[in-house]
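This is structure.txt (compact mmCIF, C-alpha atoms).
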```
# COMPACT_ATOMS: atom_id res chain seq x y z
CA MET A 14 66.23 108.77 112.00
CA ALA A 15 65.34 105.29 113.21
CA ALA A 16 61.88 105.06 114.72
CA PRO A 17 61.80 105.20 118.54
CA PRO A 18 61.01 101.95 120.33
CA PRO A 19 57.38 101.38 121.29
CA LEU A 20 56.05 103.02 124.44
CA GLU A 21 55.84 99.78 126.36
CA LYS A 22 59.53 99.03 125.72
CA LEU A 23 61.13 102.18 127.11
CA LEU A 24 61.66 102.28 130.89
CA ASN A 25 61.31 100.24 134.04
CA ILE A 26 59.59 101.71 137.10
CA PRO A 27 60.72 100.33 140.45
CA ALA A 28 58.93 101.10 143.71
CA ARG A 29 61.03 104.15 144.38
CA ILE A 30 59.52 107.32 142.90
CA ILE A 31 61.87 109.71 141.19
CA ARG A 32 61.83 113.39 142.03
CA SER A 33 58.85 115.18 140.49
CA THR A 34 59.26 117.66 137.65
CA ALA A 35 57.34 120.77 136.79
CA LEU A 36 56.49 119.73 133.24
CA VAL A 37 55.27 116.33 132.03
CA LEU A 38 56.48 114.93 128.70
CA SER A 39 55.36 111.78 127.00
CA LEU A 40 57.77 108.83 126.80
CA THR A 41 57.44 108.59 123.07
CA ALA A 42 58.39 112.24 122.54
CA LEU A 43 61.41 112.02 124.80
CA ALA A 44 62.64 108.77 123.26
CA ALA A 45 62.45 110.28 119.78
CA HIS A 46 64.27 113.43 120.84
CA ALA A 47 66.97 111.48 122.65
CA GLN A 48 68.65 111.22 119.25
CA SER A 49 67.46 114.33 117.48
CA GLY A 50 67.75 117.06 120.09
CA PRO A 51 66.20 118.52 123.24
CA PRO A 52 62.66 117.61 124.31
CA PRO A 53 59.78 119.57 122.81
CA GLY A 54 59.59 123.08 124.14
CA GLY A 55 63.30 123.10 124.92
CA ASP A 56 62.78 122.92 128.69
CA GLY A 57 64.52 119.59 129.26
CA ALA A 58 62.00 118.39 131.83
CA ARG A 59 62.39 114.91 133.26
CA LEU A 60 59.89 112.13 133.21
CA SER A 61 57.99 111.40 136.41
CA ALA A 62 57.30 107.85 137.56
CA GLU A 63 53.55 108.33 137.15
CA GLN A 64 54.00 108.71 133.39
CA VAL A 65 55.87 105.54 132.71
CA ALA A 66 54.16 102.30 131.75
CA GLU A 67 55.16 99.48 134.06
CA ASP A 68 57.70 97.51 132.07
CA PRO A 69 60.47 95.78 134.04
CA PHE A 70 63.99 96.06 132.69
CA VAL A 71 64.74 93.23 130.27
CA GLY A 72 67.70 94.54 128.32
CA ILE A 73 68.37 94.72 124.61
CA THR A 74 67.48 91.49 122.80
CA THR A 75 66.98 90.28 119.25
CA ASP A 76 63.34 89.29 119.77
CA GLY A 77 62.28 90.13 123.34
CA THR A 78 63.66 86.89 124.77
CA VAL A 79 66.75 87.09 126.97
CA VAL A 80 69.51 84.55 126.32
CA PRO A 81 70.20 83.14 129.82
CA ASP A 82 73.42 82.41 131.71
CA LEU A 83 75.66 84.83 129.81
CA TYR A 84 77.02 86.80 132.76
CA PRO A 85 78.18 84.63 135.66
CA LEU A 86 79.55 86.24 138.79
CA THR A 87 83.21 85.23 138.89
CA VAL A 88 86.41 86.07 140.69
CA THR A 89 88.61 87.78 138.11
CA GLY A 90 91.60 88.51 140.34
CA LEU A 91 91.45 92.14 139.15
CA SER A 92 91.45 94.93 141.68
CA THR A 93 88.67 97.47 142.14
CA ASP A 94 90.34 99.06 145.17
CA ALA A 95 91.42 102.19 143.32
CA VAL A 96 87.96 103.11 142.07
CA ARG A 97 86.39 102.29 145.43
CA ASP A 98 88.87 104.54 147.24
CA ALA A 99 88.41 107.29 144.65
CA ALA A 100 84.62 107.09 144.92
CA SER A 101 84.75 107.26 148.71
CA ALA A 102 87.01 110.31 148.47
CA PHE A 103 84.63 111.97 146.01
CA ILE A 104 81.64 111.41 148.28
CA ALA A 105 83.61 112.72 151.27
CA SER A 106 84.43 115.90 149.32
CA LEU A 107 80.75 116.76 148.79
CA THR A 108 78.69 119.02 151.00
CA ASP A 109 75.60 117.64 152.75
CA GLU A 110 73.41 119.32 150.14
CA GLN A 111 75.44 117.85 147.29
CA ARG A 112 75.29 114.37 148.82
CA ASP A 113 71.52 114.65 149.07
CA ALA A 114 71.41 115.44 145.34
CA ALA A 115 73.96 112.85 144.23
CA LEU A 116 73.43 109.70 146.31
CA TYR A 117 70.98 106.98 145.23
CA ASP A 118 70.27 103.36 146.02
CA VAL A 119 72.20 100.86 143.92
CA ASP A 120 68.99 99.72 142.15
CA ALA A 121 67.64 103.24 141.60
CA LEU A 122 65.63 104.20 138.52
CA GLU A 123 68.13 107.02 138.06
CA TRP A 124 70.43 104.60 136.22
CA ARG A 125 67.96 104.50 133.33
CA LEU A 126 67.18 108.21 133.07
CA TRP A 127 70.33 109.31 131.30
CA SER A 128 70.07 111.29 128.07
CA ASN A 129 72.63 112.38 125.50
CA VAL A 130 70.75 115.58 124.59
CA ASP A 131 71.89 118.88 126.03
CA ASP A 132 68.67 120.45 127.27
CA TYR A 133 67.67 117.85 129.83
CA ASP A 134 66.98 118.29 133.53
CA ARG A 135 69.58 116.04 135.19
CA GLU A 136 70.03 114.93 138.78
CA GLY A 137 73.28 114.66 140.69
CA VAL A 138 76.04 117.25 141.04
CA SER A 139 77.52 118.97 138.01
CA LEU A 140 81.14 119.91 137.45
CA ASP A 141 79.87 123.46 137.20
CA GLU A 142 78.75 123.30 140.85
CA MET A 143 81.97 121.75 142.15
CA THR A 144 85.02 123.33 143.69
CA ASP A 145 88.37 122.63 142.06
CA ALA A 146 89.07 119.97 144.70
CA GLN A 147 85.74 118.28 144.04
CA LYS A 148 86.35 118.31 140.29
CA SER A 149 89.74 116.67 140.87
CA ALA A 150 88.04 114.00 142.99
CA ALA A 151 85.41 113.39 140.30
CA PHE A 152 88.04 113.00 137.59
CA ALA A 153 90.14 110.75 139.85
CA MET A 154 87.11 108.46 140.13
CA LEU A 155 86.80 108.33 136.33
CA ASP A 156 90.54 107.83 135.96
CA ALA A 157 90.38 104.76 138.18
CA VAL A 158 88.02 102.92 135.80
CA LEU A 159 88.97 104.37 132.42
CA SER A 160 92.20 103.90 130.50
CA ASP A 161 94.26 106.84 129.27
CA GLN A 162 92.40 106.44 125.96
CA GLY A 163 89.02 106.51 127.71
CA MET A 164 89.91 109.54 129.82
CA THR A 165 91.11 111.38 126.74
CA GLU A 166 87.84 110.62 124.92
CA VAL A 167 85.76 111.89 127.84
CA ARG A 168 87.78 115.04 128.39
CA ASP A 169 87.88 115.79 124.66
CA ALA A 170 84.10 115.32 124.39
CA MET A 171 83.72 117.89 127.16
CA GLN A 172 86.08 120.31 125.43
CA LEU A 173 84.26 119.86 122.12
CA ASN A 174 81.01 120.65 123.88
CA ARG A 175 82.58 123.99 124.74
CA THR A 176 83.64 124.33 121.08
CA LEU A 177 79.98 123.91 120.16
CA GLY A 178 79.15 126.68 122.61
CA GLU A 179 81.68 128.95 120.94
CA LEU A 180 80.37 128.22 117.45
CA THR A 181 76.73 128.76 118.41
CA GLY A 182 77.36 131.63 120.84
CA GLU A 183 75.65 129.59 123.59
CA LEU A 184 78.32 128.82 126.16
CA ASP A 185 75.68 128.78 128.88
CA ARG A 186 74.09 125.82 127.06
CA PHE A 187 77.19 124.04 125.76
CA ASN A 188 80.24 123.96 128.00
CA LYS A 189 82.87 121.62 129.38
CA ASN A 190 81.47 121.70 132.93
CA LEU A 191 77.87 120.78 132.15
CA TYR A 192 78.25 117.13 133.21
CA TRP A 193 76.57 115.55 136.21
CA PHE A 194 77.71 112.79 138.58
CA THR A 195 75.41 110.50 140.56
CA MET A 196 76.48 107.75 142.97
CA MET A 197 74.51 104.50 143.21
CA GLY A 198 74.95 102.58 146.45
CA THR A 199 77.90 102.87 148.84
CA PRO A 200 81.46 102.10 147.69
CA ASP A 201 82.21 98.81 149.43
CA ALA A 202 84.22 95.68 148.71
CA GLU A 203 81.37 93.36 149.63
CA THR A 204 78.29 94.98 148.07
CA PRO A 205 77.55 96.26 144.55
CA TRP A 206 77.74 99.98 143.92
CA GLY A 207 78.40 102.32 141.03
CA PHE A 208 78.18 105.76 139.53
CA GLN A 209 77.04 107.58 136.42
CA ILE A 210 78.32 110.55 134.45
CA ASP A 211 75.64 112.19 132.31
CA GLY A 212 75.59 115.20 130.01
CA HIS A 213 75.55 116.29 126.38
CA HIS A 214 77.24 113.58 124.30
CA ILE A 215 78.51 111.71 127.38
CA ALA A 216 76.62 109.11 129.41
CA ILE A 217 78.59 106.28 131.01
CA ASN A 218 77.30 103.91 133.68
CA PHE A 219 79.76 102.13 135.98
CA LEU A 220 78.79 99.23 138.27
CA VAL A 221 81.24 97.37 140.51
CA VAL A 222 80.35 93.90 141.82
CA GLY A 223 83.24 92.36 143.75
CA ASP A 224 86.17 92.55 141.34
CA GLN A 225 83.99 92.75 138.20
CA LEU A 226 83.32 96.04 136.45
CA SER A 227 80.65 97.08 133.92
CA ILE A 228 80.68 100.39 132.03
CA THR A 229 77.57 100.11 129.86
CA PRO A 230 75.57 101.78 128.53
CA ALA A 231 78.48 103.96 127.39
CA PHE A 232 77.51 106.81 125.05
CA LEU A 233 80.09 109.17 123.53
CA GLY A 234 79.62 111.72 120.79
CA ALA A 235 80.48 115.20 119.61
CA GLU A 236 79.28 118.05 117.41
CA PRO A 237 81.68 119.07 115.95
CA THR A 238 83.89 115.98 115.99
CA ILE A 239 86.90 118.13 115.10
CA ALA A 240 87.27 121.66 116.49
CA PRO A 241 87.68 124.03 113.51
CA GLU A 242 90.23 126.78 113.11
CA GLY A 243 89.37 129.89 115.08
CA THR A 244 88.06 128.03 118.13
CA SER A 245 89.90 127.63 121.44
CA ASP A 246 90.68 123.96 120.88
CA ALA A 247 91.29 124.02 117.12
CA GLY A 248 92.28 120.57 115.86
CA LEU A 249 90.95 118.66 118.86
CA SER A 250 89.03 115.60 117.70
CA ILE A 251 87.06 112.62 118.97
CA LEU A 252 85.89 109.23 117.64
CA GLN A 253 88.26 109.34 114.70
CA THR A 254 89.91 106.00 115.47
CA LYS A 255 86.55 104.26 115.94
CA GLN A 256 85.30 105.85 112.73
CA ASN A 257 88.39 104.92 110.72
CA LEU A 258 88.71 101.36 112.02
CA GLY A 259 85.08 100.66 111.17
CA LEU A 260 85.54 102.00 107.66
CA ALA A 261 88.79 100.09 107.13
CA PHE A 262 87.07 96.89 108.18
CA ALA A 263 84.18 97.46 105.76
CA GLN A 264 86.69 98.17 102.99
CA SER A 265 88.47 94.88 103.74
CA LEU A 266 85.38 92.82 102.90
CA ASP A 267 85.11 91.23 99.50
CA GLU A 268 82.18 92.03 97.23
CA ALA A 269 80.02 89.12 98.40
CA GLN A 270 80.71 89.83 102.07
CA LEU A 271 79.99 93.53 101.68
CA ASP A 272 76.74 92.72 99.93
CA GLN A 273 75.73 90.75 103.02
CA ALA A 274 76.93 93.38 105.47
CA VAL A 275 75.21 96.38 103.88
CA ILE A 276 71.71 97.03 105.19
CA SER A 277 71.38 100.07 102.93
CA PRO A 278 73.91 101.67 100.57
CA GLU A 279 72.39 105.11 101.20
CA LYS A 280 73.00 106.98 104.45
CA VAL A 281 70.19 109.53 104.58
CA SER A 282 69.32 109.96 108.27
CA ASP A 283 70.30 109.23 111.87
CA ASP A 284 70.39 105.46 112.30
CA MET A 285 71.40 104.77 115.89
CA ILE A 286 68.88 102.48 117.58
CA ALA A 287 70.10 101.92 121.14
CA ALA A 288 70.47 105.49 122.39
CA ALA A 289 68.75 106.87 125.50
CA PHE A 290 65.44 105.32 126.62
CA SER A 291 66.05 102.18 124.54
CA ASP A 292 67.01 99.75 127.27
CA ASN A 293 64.53 97.10 126.09
CA VAL A 294 64.65 97.66 122.35
CA GLU A 295 64.61 94.59 120.09
CA ILE A 296 67.31 94.54 117.40
CA PRO A 297 67.37 91.44 115.15
CA TYR A 298 70.77 90.35 113.91
CA ALA A 299 71.60 91.73 110.48
CA GLY A 300 74.52 91.94 108.11
CA LEU A 301 77.52 89.62 107.88
CA ASN A 302 78.15 86.90 110.46
CA ALA A 303 81.71 86.57 111.75
CA ALA A 304 81.56 82.83 111.05
CA GLU A 305 81.64 83.77 107.35
CA MET A 306 84.80 85.85 107.72
CA THR A 307 88.41 84.88 107.22
CA GLU A 308 90.60 84.47 110.30
CA GLU A 309 92.31 87.76 109.50
CA GLN A 310 88.96 89.53 109.21
CA ARG A 311 87.82 88.05 112.52
CA GLU A 312 90.94 89.43 114.17
CA ASP A 313 90.31 92.82 112.56
CA LEU A 314 86.71 92.77 113.78
CA MET A 315 87.95 92.13 117.31
CA GLY A 316 90.27 95.07 116.75
CA VAL A 317 87.30 97.33 116.05
CA ILE A 318 85.59 96.04 119.20
CA ALA A 319 88.79 96.60 121.19
CA ALA A 320 88.76 100.26 120.18
CA TYR A 321 85.68 100.59 122.37
CA ALA A 322 86.51 98.09 125.14
CA ASN A 323 89.92 99.68 125.63
CA ASP A 324 88.27 102.83 126.94
CA MET A 325 88.08 100.76 130.15
CA GLU A 326 91.04 100.22 132.46
CA GLU A 327 93.40 97.67 130.90
CA GLY A 328 92.82 94.55 133.00
CA HIS A 329 89.04 94.83 132.96
CA ALA A 330 89.12 95.59 129.23
CA GLU A 331 91.03 92.36 128.59
CA ALA A 332 88.52 90.36 130.62
CA TRP A 333 85.67 91.97 128.68
CA LEU A 334 87.30 91.24 125.32
CA ASP A 335 87.96 87.63 126.30
CA HIS A 336 84.26 87.23 127.09
CA ILE A 337 83.25 88.86 123.78
CA ALA A 338 85.65 86.61 121.86
CA THR A 339 83.93 83.46 123.16
CA HIS A 340 80.84 84.56 121.20
CA LEU A 341 82.65 85.62 118.02
CA ASP A 342 80.82 83.07 115.84
CA GLU A 343 77.56 84.69 116.99
CA THR A 344 78.75 88.21 116.15
CA TRP A 345 77.31 90.23 113.26
CA PHE A 346 78.58 93.29 111.40
CA ALA A 347 76.03 95.56 109.70
CA TRP A 348 76.64 98.68 107.59
CA ILE A 349 74.65 101.61 106.20
CA GLY A 350 76.20 104.01 103.69
CA GLY A 351 79.10 103.96 101.28
CA THR A 352 82.65 102.78 101.81
CA ALA A 353 84.66 105.49 100.04
CA ASP A 354 87.39 107.10 102.11
CA ASP A 355 85.23 110.17 102.74
CA ALA A 356 81.92 108.32 103.14
CA VAL A 357 79.37 108.97 105.87
CA PHE A 358 78.06 105.77 107.41
CA TYR A 359 76.61 103.80 110.28
CA TYR A 360 77.89 100.46 111.54
CA ARG A 361 76.70 97.99 114.16
CA ILE A 362 78.54 95.11 115.79
CA GLN A 363 76.18 92.81 117.65
CA SER A 364 76.44 89.55 119.55
CA PRO A 365 74.70 88.06 122.58
CA VAL A 366 77.14 89.92 124.86
CA VAL A 367 77.98 93.20 123.11
CA LEU A 368 76.26 95.81 120.97
CA ILE A 369 78.27 98.63 119.41
CA GLU A 370 76.83 101.37 117.22
CA PHE A 371 78.68 104.16 115.43
CA ASP A 372 76.63 106.73 113.55
CA HIS A 373 77.37 109.84 111.51
CA GLN A 374 74.49 112.13 112.39
CA THR A 375 72.74 115.14 110.92
CA HIS A 376 73.65 118.47 112.48
CA LYS A 377 71.51 119.69 115.36
CA PRO A 378 72.71 123.00 116.94
CA LEU A 379 75.30 123.47 114.20
CA ALA A 380 72.53 123.37 111.61
CA ASN A 381 71.89 126.97 112.65
CA VAL A 382 75.51 128.03 112.09
CA GLU A 383 76.63 129.27 108.69
CA GLY A 384 78.71 126.74 106.77
CA TYR A 385 77.21 123.65 108.38
CA PRO A 386 74.66 121.72 106.30
CA ARG A 387 71.17 120.78 107.40
CA ASP A 388 69.28 117.50 107.17
CA VAL A 389 72.13 115.34 105.83
CA PRO A 390 74.44 113.00 107.80
CA VAL A 391 77.91 114.45 108.22
CA ARG A 392 81.25 113.48 109.69
CA THR A 393 81.24 116.56 111.90
CA HIS A 394 78.53 115.09 114.15
CA ALA A 395 78.93 111.52 115.37
CA HIS A 396 77.45 109.29 118.08
CA SER A 397 78.69 106.00 119.47
CA ILE A 398 77.26 103.63 122.05
CA VAL A 399 78.27 100.36 123.66
CA ARG A 400 75.64 98.15 125.30
CA THR A 401 75.63 94.79 127.07
CA PRO A 402 72.60 92.94 125.63
CA ASN A 403 70.50 90.27 127.27
CA GLY A 404 70.22 91.97 130.60
CA ASN A 405 73.60 93.20 131.81
CA ASP A 406 73.41 96.89 130.95
CA TYR A 407 74.05 98.77 134.22
CA GLY A 408 75.43 95.43 135.47
CA LYS A 409 71.84 94.46 136.22
CA ASP A 410 72.33 90.73 135.66
CA TRP A 411 75.31 90.72 138.01
CA LEU A 412 73.37 92.76 140.55
CA ALA A 413 70.43 90.35 140.43
CA GLU A 414 72.75 87.36 140.86
CA HIS A 415 74.47 89.02 143.79
CA LEU A 416 71.19 89.78 145.53
CA ALA A 417 69.93 86.26 144.93
CA THR A 418 73.14 84.78 146.32
CA HIS A 419 73.72 87.07 149.28
CA HIS A 420 70.21 88.10 150.30
```

What's the structure tokens form of this structure?
Amino acid sequence: MAAPPPLEKLLNIPARIIRSTALVLSLTALAAHAQSGPPPGGDGARLSAEQVAEDPFVGITTDGTVVPDLYPLTVTGLSTDAVRDAASAFIASLTDEQRDAALYDVDALEWRLWSNVDDYDREGVSLDEMTDAQKSAAFAMLDAVLSDQGMTEVRDAMQLNRTLGELTGELDRFNKNLYWFTMMGTPDAETPWGFQIDGHHIAINFLVVGDQLSITPAFLGAEPTIAPEGTSDAGLSILQTKQNLGLAFAQSLDEAQLDQAVISPEKVSDDMIAAAFSDNVEIPYAGLNAAEMTEEQREDLMGVIAAYANDMEEGHAEAWLDHIATHLDETWFAWIGGTADDAVFYYRIQSPVVLIEFDHQTHKPLANVEGYPRDVPVRTHAHSIVRTPNGNDYGKDWLAEHLATHH
């Protein structure tokens, strides 16, 4: 597993103090376990503000220095009415107690406290606590910002979490309703606002500023990635297209290009870098630069990127892809592992305005189930993440520009 980022690079602490927790964990321990499993002791306690070194949010960079002027506030002509109406309806459906648990300021620290591990003490309101009407309202809010593809990925990740519960005999720990929603700010056409969904193998952050929409960080994963025979959802799968497109692109490279792209030919551990608690991690460019690719390969690389961007509603996905394409000559493709049809691997696509990681992981809970191997990367456990480097994760650059302009 890749080493966790240094303590001083993990989280930002604004003036607002997050809710206290009964048990204190160190930042370093939690960052390390964000990829490998639940926090030490298995209690899933949250960090308190008193623990965190003061380190303002910077965003993911190559060397600690933010590239400026990458994310202008613009008028896209795209509508955000549907998600605003859906979010207002969701808030209206909540009880007073649920609103108290779920509503935060738009610049709240809660944005940065997501985790992809299962045993983590989350805030907000879970699907498990909601009535059927409230669940419908929550999914309507997601449906307003995600494409059919994106909604399918999210719902299938939830179902596969239940599959994991069936395989381990721990449905109280792994289930399709163990996902939490928090609202940041008030849905409004004039002011920024957003929401977050957070749970095992799903963490997506949505910010709306005018008619612009951000959905990063966006983490999706599953263990297993394909529900085996004998389970309730046998045959259900996730991340297969993103896996297969990445492999097909690596296989399309000639020998010299592949030699540049490969960081390591051996895939022996978990390699994802930008998972939870890595908002300020430094990741130098590595691999093969898109400027060294043929025009056909550049189009194929954009196709891999589109497999992730197209989880967003169509119009906003197109705007996002257009922005990414303007930096294609500054985009790098890096690879770890083999390129055989059945290979396990990691790949990273990185530019000033997008970071994508796909990683075949070692088994965690399934390592305790007969027939599933331990301590080796496998296709039956995969993670993916999309980030907006240089300061616009959580739409923070847009938010700062809005506040500077309007306040």

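Environment of (82.9, 91.0, 113.2): residues at most 10 Å away, judged by only C-alpha atoms, are Phe262, Ala263, Gly300, Leu301, Asn302, Ala303, Ala304, Glu305, Met306, Gln310, Arg311, Glu312, Asp313, Leu314, Met315, Gly316, Val317, Ile318, Leu341, Asp342, Glu343, Thr344, Trp345, Phe346, Ala347, Arg361, Ile362, Gln363 and Ser364 of chain A.
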
Exercise. Out of A:Thr74, A:Asn174, A:Ser149, A:Asn381, which residue has the shortest atom-to-atom distance to Pro402 (chain A) when counting all atoms listed in the file?
Worked result: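 Nearest candidate to Pro402 (chain A) out of A:Thr74, A:Asn174, A:Ser149, A:Asn381: A:Thr74.
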
Problem set entry | Residues near Asp372 (chain A), cut-off 8 Å, only C-alpha atoms, skip fewer than 4 positions along chain, as an MDAnalysis selection string | chainID A and resid 283:285 358:360 395:397

File dump, residues just selected, C-alpha atoms, as a CSV table (one decimal), in the frame of the given file:
```
chain,number,residue,atom,x,y,z
A,283,ASP,CA,70.3,109.2,111.9
A,284,ASP,CA,70.4,105.5,112.3
A,285,MET,CA,71.4,104.8,115.9
A,358,PHE,CA,78.1,105.8,107.4
A,359,TYR,CA,76.6,103.8,110.3
A,360,TYR,CA,77.9,100.5,111.5
A,395,ALA,CA,78.9,111.5,115.4
A,396,HIS,CA,77.4,109.3,118.1
A,397,SER,CA,78.7,106.0,119.5
```

Problem set entry | Residue among A:Thr229, A:Asn293, A:Ser106, A:Ser92 lying closest to Asp324 (chain A), counting all atoms listed in the file |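 With all atoms listed in the file as the atom set, the closest residue is A:Thr229.
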
For this session: Take CA of Ala247 (chain A) and CA of Leu180 (chain A) and report the distance between them in Å, one decimal.
Result: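 Atom-to-atom, CA of Ala247 (chain A) and CA of Leu180 (chain A) are spaced 11.7 Å apart.
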
Using all atoms listed in the file, which protein or nucleic acid residues come within 8 Å of Asn323 (chain A)? Drop anything in the same chain fewer than 3 positions from it, and give the result as a PDB file with C-alpha atoms, in the coordinates of the input.
```pdb
ATOM      1  CA  SER A 160      92.200 103.900 130.500  1.00  0.00           C
ATOM      2  CA  GLN A 162      92.400 106.440 125.960  1.00  0.00           C
ATOM      3  CA  GLY A 163      89.020 106.510 127.710  1.00  0.00           C
ATOM      4  CA  ALA A 319      88.790  96.600 121.190  1.00  0.00           C
ATOM      5  CA  ALA A 320      88.760 100.260 120.180  1.00  0.00           C
ATOM      6  CA  GLU A 326      91.040 100.220 132.460  1.00  0.00           C
ATOM      7  CA  GLU A 327      93.400  97.670 130.900  1.00  0.00           C
ATOM      8  CA  ALA A 330      89.120  95.590 129.230  1.00  0.00           C
ATOM      9  CA  GLU A 331      91.030  92.360 128.590  1.00  0.00           C
TER      10      GLU A 331
END
```

For this session: One decimal, Å: what's the distance from CA of Pro205 (chain A) over to CA of Leu191 (chain A), could you say?
Result: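 Separation between CA of Pro205 (chain A) and CA of Leu191 (chain A): 27.5 Å.
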
Exercise. Using only C-alpha atoms, which of the listed residues (A:Leu159, A:Leu412, A:Leu334, A:Leu233) sits closest to Val130 (chain A)?
Worked result: A:Leu233

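From CA of Ile104 (chain A) back to CA of Asp132 (chain A), the distance works out to 26.3 Å.
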
Exercise. With all atoms listed in the file as the atoms that count, which of A:Arg112, A:Val96, A:Tyr133, A:Thr78 lies nearest to Phe152 (chain A)?
Worked result: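 So, comparing all the options, the nearest one is A:Val96.
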
Seminar exercise, completed: From the list A:Ala356, A:Val382, A:Ile286, A:Ile251, the nearest residue to Glu179 (chain A) using all atoms listed in the file is A:Val382

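Using all atoms listed in the file for every distance, the candidate list A:Leu252, A:Val399, A:Leu86, A:Ile215 yields A:Val399 as the residue closest to Asp292 (chain A).
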
4 Å per side around region 82-96 of chain A: axis-aligned box centre and edge lengths, as AutoDock Vina command-line options:
```
--center_x 82.5 --center_y 92.8 --center_z 137.5 --size_x 26.2 --size_y 28.7 --size_z 23.4
```

Exercise. Any idea what's packed within 8 Å of Val138 (chain A), counting only C-alpha atoms, ignoring anything in its chain fewer than 5 positions away? Could you give it as a PyMOL selection string?
Worked result: chain A and resi 111+114-115+143+193-195

Exercise. Need the neighbours of (69.5, 104.7, 141.6): which residues are at most 10 Å away, counting all atoms listed in the file, as a ChimeraX atom specification?
Worked result: /A:27,29,31,115-126,195-198,206-209

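Using only C-alpha atoms, the protein and nucleic acid residues lying no more than 8 Å from Arg135 (chain A), apart from those fewer than 2 places from it along its own chain, are Arg59, Trp127, Tyr133, Gly137, Trp193, Asp211 and Gly212 of chain A.
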
Exercise. So which residues touch Ile73 (chain A) within 9 Å, counting only C-alpha atoms, skipping near sequence neighbours fewer than 6 positions away, as JSON, numbers by chain?
Worked result: {"A": [79, 287, 291, 292, 293, 294, 295, 296, 368, 400, 401, 402, 403, 404, 406]}
